[in-house]
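The structure file coords_6.tsv is reproduced below (TSV, C-alpha atoms and all ligand atoms).
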chain	number	residue	atom	x	y	z
A	1	MET	CA	-86.12	287.53	197.13
A	2	ASP	CA	-87.74	284.37	198.49
A	3	PHE	CA	-90.16	284.63	201.38
A	4	HIS	CA	-90.71	281.77	203.76
A	5	LEU	CA	-93.95	280.79	205.47
A	6	ALA	CA	-94.42	278.26	208.25
A	7	PRO	CA	-97.20	277.33	210.66
A	8	THR	CA	-94.77	278.06	213.48
A	9	GLY	CA	-93.72	281.39	211.96
A	10	PHE	CA	-94.55	284.94	213.01
A	11	ASP	CA	-95.78	287.94	211.08
A	12	THR	CA	-93.34	290.05	213.06
A	13	ALA	CA	-90.43	287.96	211.67
A	14	ASP	CA	-88.58	288.84	208.46
A	15	GLY	CA	-89.65	286.01	206.15
A	16	THR	CA	-86.23	284.37	205.95
A	17	ALA	CA	-85.80	280.61	206.19
A	18	ASP	CA	-84.73	280.96	209.84
A	19	ARG	CA	-87.49	283.40	210.76
A	20	PRO	CA	-90.48	282.61	208.52
A	21	TYR	CA	-93.71	284.52	208.39
A	22	ARG	CA	-96.90	282.84	209.55
A	23	THR	CA	-99.44	284.25	207.09
A	24	ILE	CA	-99.48	285.22	203.45
A	25	SER	CA	-100.77	288.63	204.54
A	26	ALA	CA	-97.38	289.44	206.00
A	27	VAL	CA	-95.72	288.63	202.68
A	28	ALA	CA	-98.23	290.76	200.81
A	29	LEU	CA	-97.22	293.81	202.84
A	30	VAL	CA	-93.56	293.64	201.84
A	31	ALA	CA	-93.30	291.61	198.62
A	32	GLN	CA	-92.35	293.15	195.29
A	33	PRO	CA	-93.54	291.81	191.89
A	34	VAL	CA	-90.23	289.98	191.34
A	35	ASP	CA	-90.24	288.14	194.68
A	36	THR	CA	-91.17	284.49	195.05
A	37	LEU	CA	-92.91	282.41	197.63
A	38	ALA	CA	-92.16	279.08	196.07
A	39	ALA	CA	-89.24	278.11	198.28
A	40	CYS	CA	-91.30	277.30	201.31
A	41	LEU	CA	-94.79	276.16	200.61
A	42	GLY	CA	-94.24	272.48	200.01
A	43	VAL	CA	-91.83	271.94	202.86
A	44	ASN	CA	-92.67	274.23	205.74
A	45	LEU	CA	-96.41	273.81	205.78
A	46	ALA	CA	-96.23	270.11	206.56
A	47	VAL	CA	-98.76	269.22	209.25
A	48	THR	CA	-97.49	267.76	212.49
A	49	ALA	CA	-99.64	266.36	215.28
A	50	PRO	CA	-100.50	268.84	218.02
A	51	THR	CA	-98.75	268.47	221.38
A	52	LYS	CA	-100.99	266.72	223.91
A	53	LEU	CA	-100.50	269.07	226.84
A	54	ILE	CA	-101.42	269.05	230.53
A	55	PHE	CA	-100.99	272.53	232.07
A	56	ASP	CA	-100.37	272.40	235.83
A	57	THR	CA	-100.66	275.90	237.29
A	58	ASP	CA	-100.87	278.04	240.43
A	59	ILE	CA	-103.04	280.53	238.56
A	60	GLY	CA	-104.51	283.38	240.57
A	61	ASN	CA	-101.53	285.15	242.05
A	62	ASP	CA	-98.89	286.04	239.48
A	63	CYS	CA	-100.29	287.01	236.09
A	64	ASP	CA	-97.80	285.07	233.94
A	65	ASP	CA	-100.02	282.00	234.44
A	66	ALA	CA	-102.95	283.86	232.85
A	67	GLY	CA	-100.76	285.11	229.99
A	68	THR	CA	-99.53	281.54	229.52
A	69	LEU	CA	-103.07	280.20	229.28
A	70	ALA	CA	-103.68	282.79	226.54
A	71	LEU	CA	-100.48	281.56	224.87
A	72	ILE	CA	-101.78	277.99	225.03
A	73	HIS	CA	-105.06	278.98	223.37
A	74	ALA	CA	-103.06	280.63	220.59
A	75	PHE	CA	-101.15	277.37	220.14
A	76	ILE	CA	-104.45	275.45	220.06
A	77	ASP	CA	-105.88	277.75	217.38
A	78	ARG	CA	-102.69	277.29	215.35
A	79	GLY	CA	-103.00	273.51	215.55
A	80	GLU	CA	-99.91	273.12	217.75
A	81	VAL	CA	-101.54	272.02	221.03
A	82	ASP	CA	-104.30	269.71	222.17
A	83	LEU	CA	-104.97	270.84	225.77
A	84	LEU	CA	-105.98	267.72	227.69
A	85	ALA	CA	-106.49	269.36	231.08
A	86	VAL	CA	-105.60	272.19	233.43
A	87	MET	CA	-104.51	271.26	236.96
A	88	ILE	CA	-104.59	273.70	239.89
A	89	SER	CA	-101.83	273.31	242.50
A	90	THR	CA	-102.81	275.90	245.13
A	91	ARG	CA	-105.52	276.29	247.72
A	92	VAL	CA	-106.93	279.37	246.03
A	93	LEU	CA	-110.61	278.34	246.07
A	94	THR	CA	-111.41	280.14	242.83
A	95	GLY	CA	-108.33	278.97	240.91
A	96	ALA	CA	-110.28	276.44	238.85
A	97	ALA	CA	-113.08	278.93	238.20
A	98	CYS	CA	-110.54	281.50	236.99
A	99	ALA	CA	-108.95	278.99	234.60
A	100	ASP	CA	-112.37	277.87	233.36
A	101	ALA	CA	-113.40	281.50	232.78
A	102	ILE	CA	-110.28	282.04	230.66
A	103	ASN	CA	-110.87	278.80	228.73
A	104	THR	CA	-114.49	279.87	228.21
A	105	TYR	CA	-113.34	283.27	226.92
A	106	TYR	CA	-111.25	281.44	224.32
A	107	ARG	CA	-114.28	279.27	223.41
A	108	ARG	CA	-113.19	276.13	225.19
A	109	PRO	CA	-115.52	275.92	228.20
A	110	ASP	CA	-115.25	272.13	228.56
A	111	ILE	CA	-111.53	271.58	229.11
A	112	PRO	CA	-111.24	269.37	232.22
A	113	ILE	CA	-109.85	271.10	235.29
A	114	GLY	CA	-108.52	269.25	238.33
A	115	VAL	CA	-107.69	270.63	241.76
A	116	GLY	CA	-105.11	269.25	244.18
A	117	LYS	CA	-107.42	268.48	247.06
A	118	THR	CA	-104.74	266.97	249.22
A	119	ALA	CA	-102.45	269.88	248.55
A	120	ASP	CA	-99.57	270.17	250.96
A	121	ASN	CA	-98.87	273.46	249.30
A	122	THR	CA	-100.67	275.99	251.45
A	123	GLN	CA	-100.51	278.88	249.04
A	124	THR	CA	-103.69	280.97	249.08
A	125	LEU	CA	-102.44	284.16	247.44
A	126	ASP	CA	-105.23	285.49	245.25
A	127	ASP	CA	-104.52	288.60	243.20
A	128	TYR	CA	-107.12	288.01	240.48
A	129	ALA	CA	-108.72	284.53	240.63
A	130	THR	CA	-111.76	285.53	242.68
A	131	TYR	CA	-112.06	288.84	240.83
A	132	ILE	CA	-112.23	286.96	237.50
A	133	ALA	CA	-114.46	284.18	238.84
A	134	GLN	CA	-117.04	286.73	240.02
A	135	ARG	CA	-117.20	288.63	236.74
A	136	TYR	CA	-116.76	286.22	233.83
A	137	PRO	CA	-118.80	283.17	232.79
A	138	HIS	CA	-117.72	279.70	233.88
A	139	ASP	CA	-119.44	276.66	235.32
A	140	ILE	CA	-117.14	275.57	238.14
A	141	VAL	CA	-118.64	274.93	241.56
A	142	PRO	CA	-115.79	275.29	244.09
A	143	GLY	CA	-115.27	272.13	246.07
A	144	GLN	CA	-116.79	269.92	243.38
A	145	GLU	CA	-113.89	269.96	240.92
A	146	PRO	CA	-112.26	266.61	240.06
A	147	ASP	CA	-109.26	265.68	242.18
A	148	ALA	CA	-106.09	266.52	240.25
A	149	VAL	CA	-104.36	263.17	240.84
A	150	LYS	CA	-107.46	261.23	239.82
A	151	LEU	CA	-107.86	263.36	236.69
A	152	TYR	CA	-104.15	262.97	235.86
A	153	ARG	CA	-104.51	259.20	236.11
A	154	GLN	CA	-107.68	259.07	234.00
A	155	ILE	CA	-106.21	261.25	231.26
A	156	LEU	CA	-102.82	259.53	231.17
A	157	ALA	CA	-104.40	256.06	231.11
A	158	ALA	CA	-106.54	257.02	228.10
A	159	GLN	CA	-103.67	258.41	225.99
A	160	PRO	CA	-101.26	256.55	223.69
A	161	ASP	CA	-97.93	255.56	225.21
A	162	HIS	CA	-95.22	258.25	225.33
A	163	SER	CA	-97.55	260.93	223.95
A	164	VAL	CA	-98.30	263.40	226.76
A	165	VAL	CA	-96.35	266.56	227.59
A	166	ILE	CA	-96.72	267.99	231.10
A	167	ALA	CA	-95.85	271.63	231.78
A	168	VAL	CA	-95.78	272.59	235.45
A	169	VAL	CA	-95.79	276.33	236.06
A	170	GLY	CA	-96.46	276.29	239.80
A	171	PRO	CA	-95.33	274.16	242.74
A	172	ALA	CA	-94.73	270.44	242.11
A	173	THR	CA	-97.54	269.51	244.52
A	174	ASN	CA	-99.80	267.66	242.09
A	175	ILE	CA	-96.90	265.87	240.41
A	176	GLY	CA	-95.52	264.76	243.76
A	177	HIS	CA	-98.89	263.21	244.64
A	178	LEU	CA	-99.32	261.69	241.18
A	179	LEU	CA	-95.94	259.95	241.46
A	180	ASP	CA	-96.98	258.61	244.88
A	181	SER	CA	-100.37	257.36	243.65
A	182	PRO	CA	-101.16	253.62	243.92
A	183	PRO	CA	-102.86	251.47	241.25
A	184	ASP	CA	-106.60	252.07	241.11
A	185	GLU	CA	-109.71	251.29	239.04
A	186	VAL	CA	-108.38	253.50	236.23
A	187	SER	CA	-105.01	251.79	235.80
A	188	PRO	CA	-103.14	248.83	237.31
A	189	LEU	CA	-99.98	250.96	237.16
A	190	ASP	CA	-98.75	253.04	240.05
A	191	GLY	CA	-98.02	256.71	239.48
A	192	VAL	CA	-94.37	256.27	238.51
A	193	ALA	CA	-95.12	253.44	236.06
A	194	LEU	CA	-98.08	255.29	234.54
A	195	VAL	CA	-96.03	258.43	233.99
A	196	ALA	CA	-93.17	256.36	232.53
A	197	GLN	CA	-95.55	254.76	230.06
A	198	LYS	CA	-97.55	257.81	228.94
A	199	VAL	CA	-95.44	260.95	229.30
A	200	LYS	CA	-92.91	261.96	226.64
A	201	PHE	CA	-91.64	265.30	227.98
A	202	TYR	CA	-91.70	267.10	231.32
A	203	SER	CA	-91.30	270.86	231.63
A	204	ALA	CA	-90.58	271.60	235.28
A	205	GLY	CA	-91.68	274.54	237.38
A	206	GLY	CA	-88.44	275.21	239.27
A	207	ASN	CA	-85.59	277.68	238.67
A	208	GLY	CA	-87.70	280.84	238.83
A	209	ARG	CA	-84.71	282.69	240.27
A	210	ALA	CA	-82.53	281.60	237.34
A	211	ASN	CA	-79.93	280.18	239.73
A	212	LEU	CA	-79.30	276.85	238.06
A	213	PRO	CA	-76.71	275.31	237.86
A	214	SER	CA	-76.63	276.15	241.59
A	215	GLY	CA	-78.33	278.48	244.05
A	216	GLU	CA	-81.48	279.35	245.92
A	217	ALA	CA	-84.63	277.68	244.61
A	218	GLY	CA	-87.43	279.85	243.24
A	219	TRP	CA	-91.00	280.61	244.31
A	220	ASN	CA	-92.59	277.44	242.94
A	221	TYR	CA	-90.22	274.98	244.57
A	222	LYS	CA	-90.18	276.88	247.85
A	223	TRP	CA	-93.95	276.59	248.27
A	224	ASP	CA	-93.67	272.81	248.42
A	225	LEU	CA	-90.08	271.66	248.83
A	226	ALA	CA	-91.16	268.11	249.74
A	227	ALA	CA	-93.04	267.81	246.45
A	228	ALA	CA	-90.08	269.24	244.55
A	229	ALA	CA	-87.75	266.66	246.11
A	230	ASN	CA	-90.25	263.89	245.30
A	231	GLU	CA	-90.58	265.08	241.70
A	232	LEU	CA	-86.80	265.11	241.24
A	233	LYS	CA	-86.37	261.72	242.88
A	234	LYS	CA	-89.25	259.78	241.29
A	235	MET	CA	-89.87	261.23	237.84
A	236	PRO	CA	-88.72	258.42	235.51
A	237	THR	CA	-85.36	259.26	233.98
A	238	THR	CA	-86.49	257.98	230.58
A	239	ILE	CA	-88.49	261.21	230.29
A	240	PRO	CA	-86.61	264.36	229.22
A	241	PHE	CA	-86.99	266.84	232.11
A	242	VAL	CA	-86.16	270.50	231.48
A	243	PHE	CA	-86.18	273.65	233.61
A	244	ALA	CA	-86.89	276.29	230.95
A	245	GLY	CA	-88.37	279.13	232.99
A	246	GLY	CA	-85.26	280.84	234.38
A	247	SER	CA	-84.87	283.49	231.67
A	248	GLY	CA	-88.40	284.66	232.48
A	249	LEU	CA	-87.04	286.57	235.46
A	250	THR	CA	-85.67	289.22	233.06
A	251	LEU	CA	-87.89	288.64	230.02
A	252	PHE	CA	-90.99	290.82	230.11
A	253	THR	CA	-94.23	290.27	228.20
A	254	GLY	CA	-97.86	291.30	228.46
A	255	GLY	CA	-97.44	295.04	227.87
A	256	GLY	CA	-99.59	294.58	224.77
A	257	TYR	CA	-102.65	293.97	226.94
A	258	GLU	CA	-102.73	297.73	227.55
A	259	GLN	CA	-103.98	298.02	223.95
A	260	LYS	CA	-106.78	295.48	224.47
A	261	PRO	CA	-110.32	296.64	225.28
A	262	GLU	CA	-111.27	297.37	228.89
A	263	GLY	CA	-112.57	294.14	230.38
A	264	HIS	CA	-110.42	291.85	228.19
A	265	ILE	CA	-110.03	288.91	230.53
A	266	ILE	CA	-106.24	288.58	230.41
A	267	ARG	CA	-105.76	292.35	230.55
A	268	VAL	CA	-107.81	292.32	233.75
A	269	CYS	CA	-105.63	289.57	235.25
A	270	TYR	CA	-102.54	291.68	234.55
A	271	GLU	CA	-104.18	294.86	235.87
A	272	GLN	CA	-105.28	293.16	239.07
A	273	HIS	CA	-101.87	291.62	239.69
A	274	GLN	CA	-99.90	294.73	238.83
A	275	ARG	CA	-102.41	296.98	240.62
A	276	ARG	CA	-102.34	299.45	237.74
A	277	LYS	CA	-103.66	299.88	234.22
A	278	THR	CA	-100.46	300.84	232.42
A	279	ASN	CA	-96.98	299.35	232.33
A	280	LEU	CA	-98.47	295.87	232.49
A	281	ALA	CA	-95.44	293.93	231.22
A	282	ARG	CA	-94.44	291.18	233.63
A	283	CYS	CA	-91.85	288.39	233.95
A	284	SER	CA	-92.42	285.39	231.63
A	285	TRP	CA	-91.34	282.31	233.55
A	286	ASP	CA	-94.45	280.27	232.76
A	287	GLN	CA	-94.63	281.24	229.09
A	288	LEU	CA	-91.07	279.92	228.60
A	289	ARG	CA	-91.90	276.59	230.29
A	290	VAL	CA	-94.81	276.08	227.89
A	291	TRP	CA	-92.94	277.47	224.88
A	292	TYR	CA	-90.19	274.89	225.39
A	293	ALA	CA	-92.76	272.13	226.00
A	294	VAL	CA	-94.56	272.88	222.74
A	295	ARG	CA	-91.86	274.16	220.39
A	296	GLY	CA	-88.78	272.40	221.75
A	297	GLY	CA	-85.39	273.86	222.52
A	298	ASP	CA	-84.41	275.65	219.31
A	299	ASN	CA	-84.64	279.06	220.97
A	300	PHE	CA	-82.78	277.94	224.10
A	301	ASP	CA	-79.29	276.99	225.20
A	302	THR	CA	-79.94	273.70	227.00
A	303	SER	CA	-77.45	272.15	229.41
A	304	PRO	CA	-76.22	268.57	228.90
A	305	PRO	CA	-78.39	266.03	230.71
A	306	GLY	CA	-77.42	265.60	234.36
A	307	ASP	CA	-79.01	265.48	237.78
A	308	VAL	CA	-80.80	268.22	239.68
A	309	THR	CA	-81.37	268.01	243.41
A	310	VAL	CA	-82.98	270.26	245.97
A	311	VAL	CA	-81.54	270.35	249.49
A	312	ASP	CA	-83.13	272.71	252.02
A	313	ASP	CA	-84.13	275.52	249.69
A	314	ASN	CA	-81.17	275.21	247.35
A	315	ILE	CA	-81.29	273.74	243.87
A	316	ARG	CA	-78.25	272.24	242.23
A	317	TYR	CA	-77.33	270.70	238.88
A	318	SER	CA	-74.53	268.14	238.50
A	319	PRO	CA	-73.41	266.31	235.35
A	320	THR	CA	-74.41	262.90	236.77
A	321	PRO	CA	-74.91	260.31	234.00
A	322	ASN	CA	-78.32	258.81	233.23
A	323	ARG	CA	-80.44	261.33	235.12
A	324	ASN	CA	-81.85	263.23	232.09
A	325	ARG	CA	-82.42	266.56	233.84
A	326	CYS	CA	-81.51	269.76	232.01
A	327	TYR	CA	-81.86	273.48	232.50
A	328	ALA	CA	-82.28	275.93	229.66
A	329	TYR	CA	-81.95	279.67	229.12
A	330	VAL	CA	-83.26	281.66	226.18
A	331	LYS	CA	-80.69	282.50	223.48
A	332	ASP	CA	-82.22	285.78	222.31
A	333	LYS	CA	-84.52	287.47	224.82
A	334	ALA	CA	-85.72	290.21	222.47
A	335	LEU	CA	-86.75	287.66	219.86
A	336	ALA	CA	-88.41	285.44	222.47
A	337	ALA	CA	-90.33	288.38	223.95
A	338	ALA	CA	-91.59	289.46	220.51
A	339	GLN	CA	-92.72	285.98	219.57
A	340	LEU	CA	-94.39	285.27	222.91
A	341	GLU	CA	-96.09	288.66	222.92
A	342	GLU	CA	-97.57	288.09	219.45
A	343	LEU	CA	-98.95	284.72	220.55
A	344	MET	CA	-100.28	286.02	223.87
A	345	MET	CA	-102.24	288.76	222.08
A	346	HIS	CA	-104.07	286.20	219.96
A	347	GLU	CA	-107.85	286.55	220.12
A	348	PRO	CA	-110.58	283.95	219.65
A	349	GLU	CA	-112.49	284.38	216.43
A	350	VAL	CA	-115.61	286.45	216.79
A	351	ASP	CA	-118.70	284.33	217.28
A	352	GLN	CA	-121.21	285.72	214.79
A	353	ASN	CA	-124.09	284.64	217.01
A	354	ALA	CA	-122.74	286.35	220.09
A	355	GLY	CA	-121.31	289.25	218.09
A	356	ILE	CA	-118.43	289.68	220.48
A	357	ALA	CA	-115.37	287.67	221.35
A	358	GLY	CA	-115.16	285.38	224.31
A	359	GLY	CA	-116.64	286.33	227.65
A	360	GLN	CA	-116.39	290.10	227.32
A	361	VAL	CA	-120.09	290.39	226.83
A	362	GLU	CA	-120.62	289.07	230.33
A	363	ALA	CA	-118.12	291.39	231.97
A	364	GLY	CA	-119.88	293.68	234.36
A	365	LEU	CA	-123.13	291.77	234.14
A	366	ARG	CA	-122.42	289.72	237.20
A	367	GLY	CA	-122.66	292.47	239.76
A	368	ASP	CA	-124.52	292.32	243.01
A	369	ASP	CA	-127.88	292.77	241.30
A	370	ARG	CA	-127.36	289.34	239.78
A	371	ARG	CA	-125.90	287.66	242.81
A	372	ALA	CA	-128.70	285.09	242.84
A	373	ASP	CA	-127.65	283.48	239.60
A	374	ARG	CA	-123.93	283.90	240.00
A	375	ARG	CA	-122.11	280.60	239.69
A	376	TRP	CA	-118.54	280.36	240.82
B	401	CA	CA	-116.33	274.79	232.18
B	402	CA	CA	-97.08	280.21	237.94

Could you take the file, read its structure, and then write that structure out as structure tokens?
Amino acid sequence: MDFHLAPTGFDTADGTADRPYRTISAVALVAQPVDTLAACLGVNLAVTAPTKLIFDTDIGNDCDDAGTLALIHAFIDRGEVDLLAVMISTRVLTGAACADAINTYYRRPDIPIGVGKTADNTQTLDDYATYIAQRYPHDIVPGQEPDAVKLYRQILAAQPDHSVVIAVVGPATNIGHLLDSPPDEVSPLDGVALVAQKVKFYSAGGNGRANLPSGEAGWNYKWDLAAAANELKKMPTTIPFVFAGGSGLTLFTGGGYEQKPEGHIIRVCYEQHQRRKTNLARCSWDQLRVWYAVRGGDNFDTSPPGDVTVVDDNIRYSPTPNRNRCYAYVKDKALAAAQLEELMMHEPEVDQNAGIAGGQVEAGLRGDDRRADRRW
């Protein structure tokens, strides 16, 4: 038979044209002497530009944000994502340090991180951010992080037109402020005009309760309903705007972290959130928002474009013309869970100099005896 390979494939797939493998190693395990690989190589391995992504997160309480940051690093290592920045939307003081520690673990210590300093969102729930910030290397000094809106404006202004993808996996706080931002020294455009010029796709953080087309809003929207309303009102309708997280309520991933070594940074995030060391699988809202933002909607049933509004704490879709808002649910949850899980378990390559992956070597070395040189 013919086996198919693609950069977006998976070694847990079956090698068909619809479900290609990622590596030749997977083919080697199953191929017979009469099989061929010729059908795919010229076509499917074509290189496409990585998605320029801004990841806007409430990392530190629920662990799907941490699993999603691992997913993003897998996409980066596969050439599918260029992570421009991480934005923190809560008032968890160690949120930025936690994100920087995870980025450092995956060998990207210098990804810019902004914090919403004018956050109307008052969320301070901290299941693992401080725990991670105290134990893993990073170089964030709380209170001195760049302001999220300022960083958004700097990054957007420097990028080509219609090139940036924003995935929001927490409240819409930062986006609401960005859309309200006036012209400044970085750009003569106000927030709405800057977003209209630079952004090509928006993956929204609402619909965590999977109630669209109509029902109670989810966790993210409820933490900052004013920002959610502002986001829905002001986000330019030229930009495709999709709620892709709803299926995450019943789509569980992360159980594979139980097989990772003790001290693996994402495993620890899951353990701290779940308050246990086994049965770590958790809902996957945020992974789906990023998956759609990076890979597109092939694995989803996406509604026709319409309008979405939030009134009180209810969210509602209507087929209004020219509003370009959609919601999406996963077609095949088992397939999505398997593919997300494989990506989330991706590890950084071992650094021969350090002899150990990521920040594990530092785990446990930042105890009280080293309080003097702790930086977080
Ligand atoms: Ca850093
Ligand atoms: Ca989140």

Using all atoms listed in the file, which residues of the polymer chains come no farther than 10 Å from ligand CA 402 (chain B)? I'd like the answer as a PyMOL selection string.
chain A and resi 56-66+68+89+168-171+205+208+219-220+284-287+289

With C-alpha atoms kept, could you save the residues just selected as a compact mmCIF listing (two decimals), keeping the file's coordinate frame?
# COMPACT_ATOMS: atom_id res chain seq x y z
CA ASP A 56 -100.37 272.40 235.83
CA THR A 57 -100.66 275.90 237.29
CA ASP A 58 -100.87 278.04 240.43
CA ILE A 59 -103.04 280.53 238.56
CA GLY A 60 -104.51 283.38 240.57
CA ASN A 61 -101.53 285.15 242.05
CA ASP A 62 -98.89 286.04 239.48
CA CYS A 63 -100.29 287.01 236.09
CA ASP A 64 -97.80 285.07 233.94
CA ASP A 65 -100.02 282.00 234.44
CA ALA A 66 -102.95 283.86 232.85
CA THR A 68 -99.53 281.54 229.52
CA SER A 89 -101.83 273.31 242.50
CA VAL A 168 -95.78 272.59 235.45
CA VAL A 169 -95.79 276.33 236.06
CA GLY A 170 -96.46 276.29 239.80
CA PRO A 171 -95.33 274.16 242.74
CA GLY A 205 -91.68 274.54 237.38
CA GLY A 208 -87.70 280.84 238.83
CA TRP A 219 -91.00 280.61 244.31
CA ASN A 220 -92.59 277.44 242.94
CA SER A 284 -92.42 285.39 231.63
CA TRP A 285 -91.34 282.31 233.55
CA ASP A 286 -94.45 280.27 232.76
CA GLN A 287 -94.63 281.24 229.09
CA ARG A 289 -91.90 276.59 230.29

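Computed from the coordinates, the CA of Arg19 (chain A) to CA of Leu69 (chain A) distance equals 24.4 Å.
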
Given 7 Å and all atoms listed in the file, residues near ligand CA 401 (chain B) as a ChimeraX atom specification:
/A:100,104,109-111,138-140

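The coordinates place CA of Ile265 (chain A) at 8.4 Å from CA of Ala101 (chain A).
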
For a quick check of understanding, using all atoms listed in the file, which of A:Leu340, A:Leu125, A:Leu93, A:Leu189 has the smallest distance to Leu288 (chain A)?
A:Leu340

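Between Ala158 (chain A) and the residues A:Arg209, A:Lys222, A:Lys52, A:Arg107, the shortest atom-to-atom distance, using only C-alpha atoms, involves A:Lys52.
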
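CA of Ser181 (chain A) is found 7.6 Å from CA of Val149 (chain A).
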
List the spatial neighbours of Ala244 (chain A) as a tab-separated table (two decimals) with C-alpha atoms, keeping the file's coordinate frame - criterion: any atom at most 12 Å away, only C-alpha atoms, same-chain residues fewer than 3 positions off excluded.
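Wrote it out as part.tsv, contents follow:
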chain	number	residue	atom	x	y	z
A	167	ALA	CA	-95.85	271.63	231.78
A	168	VAL	CA	-95.78	272.59	235.45
A	169	VAL	CA	-95.79	276.33	236.06
A	202	TYR	CA	-91.70	267.10	231.32
A	203	SER	CA	-91.30	270.86	231.63
A	204	ALA	CA	-90.58	271.60	235.28
A	205	GLY	CA	-91.68	274.54	237.38
A	206	GLY	CA	-88.44	275.21	239.27
A	207	ASN	CA	-85.59	277.68	238.67
A	208	GLY	CA	-87.70	280.84	238.83
A	209	ARG	CA	-84.71	282.69	240.27
A	210	ALA	CA	-82.53	281.60	237.34
A	211	ASN	CA	-79.93	280.18	239.73
A	212	LEU	CA	-79.30	276.85	238.06
A	241	PHE	CA	-86.99	266.84	232.11
A	247	SER	CA	-84.87	283.49	231.67
A	248	GLY	CA	-88.40	284.66	232.48
A	249	LEU	CA	-87.04	286.57	235.46
A	284	SER	CA	-92.42	285.39	231.63
A	285	TRP	CA	-91.34	282.31	233.55
A	286	ASP	CA	-94.45	280.27	232.76
A	287	GLN	CA	-94.63	281.24	229.09
A	288	LEU	CA	-91.07	279.92	228.60
A	289	ARG	CA	-91.90	276.59	230.29
A	290	VAL	CA	-94.81	276.08	227.89
A	291	TRP	CA	-92.94	277.47	224.88
A	292	TYR	CA	-90.19	274.89	225.39
A	293	ALA	CA	-92.76	272.13	226.00
A	294	VAL	CA	-94.56	272.88	222.74
A	295	ARG	CA	-91.86	274.16	220.39
A	296	GLY	CA	-88.78	272.40	221.75
A	297	GLY	CA	-85.39	273.86	222.52
A	298	ASP	CA	-84.41	275.65	219.31
A	299	ASN	CA	-84.64	279.06	220.97
A	300	PHE	CA	-82.78	277.94	224.10
A	301	ASP	CA	-79.29	276.99	225.20
A	302	THR	CA	-79.94	273.70	227.00
A	303	SER	CA	-77.45	272.15	229.41
A	325	ARG	CA	-82.42	266.56	233.84
A	326	CYS	CA	-81.51	269.76	232.01
A	327	TYR	CA	-81.86	273.48	232.50
A	328	ALA	CA	-82.28	275.93	229.66
A	329	TYR	CA	-81.95	279.67	229.12
A	330	VAL	CA	-83.26	281.66	226.18
A	331	LYS	CA	-80.69	282.50	223.48

Write out as a VMD selection string each polymer residue whose atoms come within 10 Å of Trp223 (chain A), counting only C-alpha atoms; drop sequence neighbours fewer than 4 positions from it.
chain A and resid 90 120 to 123 170 to 173 218 to 219 227 to 228 313

Residues just named, written with C-alpha atoms as a compact mmCIF listing (two decimals), in the coordinates of the input:
# COMPACT_ATOMS: atom_id res chain seq x y z
CA THR A 90 -102.81 275.90 245.13
CA ASP A 120 -99.57 270.17 250.96
CA ASN A 121 -98.87 273.46 249.30
CA THR A 122 -100.67 275.99 251.45
CA GLN A 123 -100.51 278.88 249.04
CA GLY A 170 -96.46 276.29 239.80
CA PRO A 171 -95.33 274.16 242.74
CA ALA A 172 -94.73 270.44 242.11
CA THR A 173 -97.54 269.51 244.52
CA GLY A 218 -87.43 279.85 243.24
CA TRP A 219 -91.00 280.61 244.31
CA ALA A 227 -93.04 267.81 246.45
CA ALA A 228 -90.08 269.24 244.55
CA ASP A 313 -84.13 275.52 249.69

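Checking A:Pro160, A:Pro146, A:Pro213, A:Gly245 one by one against Lys198 (chain A), counting only C-alpha atoms, you find the shortest gap at A:Pro160.
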
In terms of only C-alpha atoms, the residue from A:Thr253, A:Asn174, A:Thr51, A:Gln144 at minimal distance from Glu342 (chain A) is A:Thr253

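Once only C-alpha atoms are considered, the residues situated within 7 Å of the file point (-110.6, 272.6, 233.2) turn out to be Ala85, Val86, Ala96, Ala99, Asp100, Asp110, Ile111, Pro112, Ile113 and Gly114 of chain A.
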
Let me see the file: selected residues, C-alpha atoms, as a PDB file, in the frame of the given file.
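Saved result, part_17.pdb, follows:
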ATOM      1  CA  ALA A  85    -106.490 269.360 231.080  1.00  0.00           C
ATOM      2  CA  VAL A  86    -105.600 272.190 233.430  1.00  0.00           C
ATOM      3  CA  ALA A  96    -110.280 276.440 238.850  1.00  0.00           C
ATOM      4  CA  ALA A  99    -108.950 278.990 234.600  1.00  0.00           C
ATOM      5  CA  ASP A 100    -112.370 277.870 233.360  1.00  0.00           C
ATOM      6  CA  ASP A 110    -115.250 272.130 228.560  1.00  0.00           C
ATOM      7  CA  ILE A 111    -111.530 271.580 229.110  1.00  0.00           C
ATOM      8  CA  PRO A 112    -111.240 269.370 232.220  1.00  0.00           C
ATOM      9  CA  ILE A 113    -109.850 271.100 235.290  1.00  0.00           C
ATOM     10  CA  GLY A 114    -108.520 269.250 238.330  1.00  0.00           C
TER      11      GLY A 114
END

Working from the structure I just supplied, which lacks atoms in region 137-141 of chain A, can you model N, CA and C atoms there and output them as a JSON list (two decimals), in the frame of the given file?
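Final file, result.json:
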[["chain", "number", "residue", "atom", "x", "y", "z"],
["A", 137, "PRO", "N", -118.06, 284.44, 232.78],
["A", 137, "PRO", "CA", -118.80, 283.17, 232.79],
["A", 137, "PRO", "C", -117.88, 281.95, 232.95],
["A", 138, "HIS", "N", -118.36, 281.01, 233.74],
["A", 138, "HIS", "CA", -117.72, 279.70, 233.88],
["A", 138, "HIS", "C", -118.75, 278.81, 234.56],
["A", 139, "ASP", "N", -118.46, 277.52, 234.67],
["A", 139, "ASP", "CA", -119.44, 276.66, 235.32],
["A", 139, "ASP", "C", -118.82, 275.77, 236.40],
["A", 140, "ILE", "N", -117.78, 276.31, 237.05],
["A", 140, "ILE", "CA", -117.14, 275.57, 238.14],
["A", 140, "ILE", "C", -117.86, 275.84, 239.46],
["A", 141, "VAL", "N", -118.12, 274.78, 240.20],
["A", 141, "VAL", "CA", -118.64, 274.93, 241.56],
["A", 141, "VAL", "C", -117.50, 274.58, 242.52]]
